[in-house]
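Input: a single structure, listed below in structure tokens.
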Amino acid sequence: MKVAIYVRVSTDEQAREGYSIESQKDSVINFVKSQRWEVCDFYIDDGYSAKDLKRPAMQRLIEDTKERKFDVVVFYKLDRLVRSVGDLDKLLKLFDKHDIGIRSVTEPFDTTTAMGRFLITLVAAIAQWEREINSERTKDKLKAMAEKGKWRGGYPIIGYDIKDKKLAVNKNEVKQAQDQFLFYLKE
């Protein structure tokens with residue numbers, strides 16, 4: 001059986017949860033070897049969210065699915081593949097159309113039964129909910145920081161430095177910043 005291995009991690013997840021590309025690859029490769037399957041190709045989205053299917057390796061996986069370059073897609077955990085019930089539905093239909101199976105290393109899915117399809121959809125719904133909750137928490141945290149006058153992160157704009165988590169005027173750059181604003185206003 002020819003296998004497509006899909007691994008993904010967003011920058012935030014890697015920092016927060018420790019899902020590294022290498023640890024996922026190792027687990028999936030060990031699983032594939034235990035099944036005596038043949039690795040056909042790796043599809044790696046390093047630093048991409050699963051909020052949608054607009055990821056380079058995912059797009060290549062979709063195209064290769066249409067060409068039926070493999071028999072099964074193996075991933076570490078469903079939320080590595082998708083975090084949206086709608087996207088899961090699209091992928092399942094595509095895989096079904098081309099007679100391609102999916103396997104999670106850590107979750108027992110059997111998409112050939114009604115119960116298996118229900119369970120995988122339920123897990124995808126939980127992954128989507130988790131992504132949306134994290135997004136809401138991040139927005140709330142950034143709003144609270146702004147309300148307290150704290151810098152919300154990133155590089156400060158020209159003419160400012162960050163001191164005690166707040167913007168402070170950089171006396172060496174203030175003239176340059178003023179000149180840029182005046183130049184913009186003249187245009």
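Chain labels A, B, ... are given in the sequence in which chains occur in the structure tokens; within each chain residues are numbered consecutively from 1, and ligands are likewise numbered from 1 in the order shown.
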Set out as a tab-separated table a contact list for range 76-111 of chain A and range 4-11 of chain A with a cut-off of 10 Å, giving each residue of range 76-111 of chain A that qualifies its closest atom pair and distance in Å to one decimal, counting only C-alpha atoms, ordered by chain and rising residue number.
```
residue	atom	partner	partner_atom	distance
A:Tyr76	CA	A:Val7	CA	7.1
A:Lys77	CA	A:Val7	CA	9.0
A:Asp79	CA	A:Arg8	CA	9.0
A:Arg80	CA	A:Arg8	CA	5.4
A:Leu81	CA	A:Tyr6	CA	7.2
A:Val82	CA	A:Arg8	CA	9.6
A:Ile102	CA	A:Ala4	CA	9.4
A:Arg103	CA	A:Ile5	CA	9.8
```
Residue contacts of range 44-54 of chain A (12 Å, only C-alpha atoms) excluding same-chain residues fewer than 6 positions away, as an MDAnalysis selection string: chainID A and resid 4:15 19:22 24:25 60:62 75 78:91 124 127:132 134:135
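Each of A:Thr138, A:Gln35, A:Asn172, A:Pro108 was compared to Val123 in chain A using only C-alpha atoms, and A:Pro108 turns out to be the nearest.
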Quick one: DSSP strand (DSSP E or B) residues in range 40-148 of chain A, as a JSON list (two decimals) with C-alpha atoms, in the first residue's frame?
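New file selection-v4.json:
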```json
[["chain", "number", "residue", "atom", "x", "y", "z"],
["A", 40, "CYS", "CA", 5.19, 7.43, -1.41],
["A", 41, "ASP", "CA", 5.73, 11.08, -0.44],
["A", 42, "PHE", "CA", 5.83, 13.58, 2.43],
["A", 43, "TYR", "CA", 3.51, 16.59, 2.55],
["A", 44, "ILE", "CA", 4.81, 19.04, 5.14],
["A", 45, "ASP", "CA", 3.17, 22.35, 6.03],
["A", 46, "ASP", "CA", 5.58, 23.92, 8.52],
["A", 72, "VAL", "CA", -3.85, 6.13, 1.95],
["A", 73, "VAL", "CA", -3.06, 9.42, 3.71],
["A", 74, "VAL", "CA", -1.51, 8.97, 7.13],
["A", 75, "PHE", "CA", -1.21, 11.76, 9.72],
["A", 101, "GLY", "CA", -8.20, 5.95, 2.72],
["A", 102, "ILE", "CA", -7.08, 8.02, 5.69],
["A", 103, "ARG", "CA", -5.41, 6.90, 8.90],
["A", 104, "SER", "CA", -4.58, 8.73, 12.07]]
```
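The interatomic distance for the pair CA of Val105 in chain A and CA of Asp26 in chain A works out to 10.9 Å.
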Alpha helix (DSSP H) call set, DSSP backbone run, chain A, as an MDAnalysis selection string: chainID A and resid 11:17 21:34 56:66 78:81 85:97 114:147 174:186
CA of Phe109 in chain A to CA of Lys69 in chain A, straight-line distance in Å: 22.1 Å
Å distance separating CA of Glu67 in chain A from CA of Lys97 in chain A, one decimal place: 11.4 Å
Nearest candidate to Phe70 in chain A (options A:Ile100, A:Val174, A:Met145, A:Leu167; using only C-alpha atoms):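 Comparing A:Ile100, A:Val174, A:Met145, A:Leu167 against Phe70 in chain A, the winner is A:Ile100.
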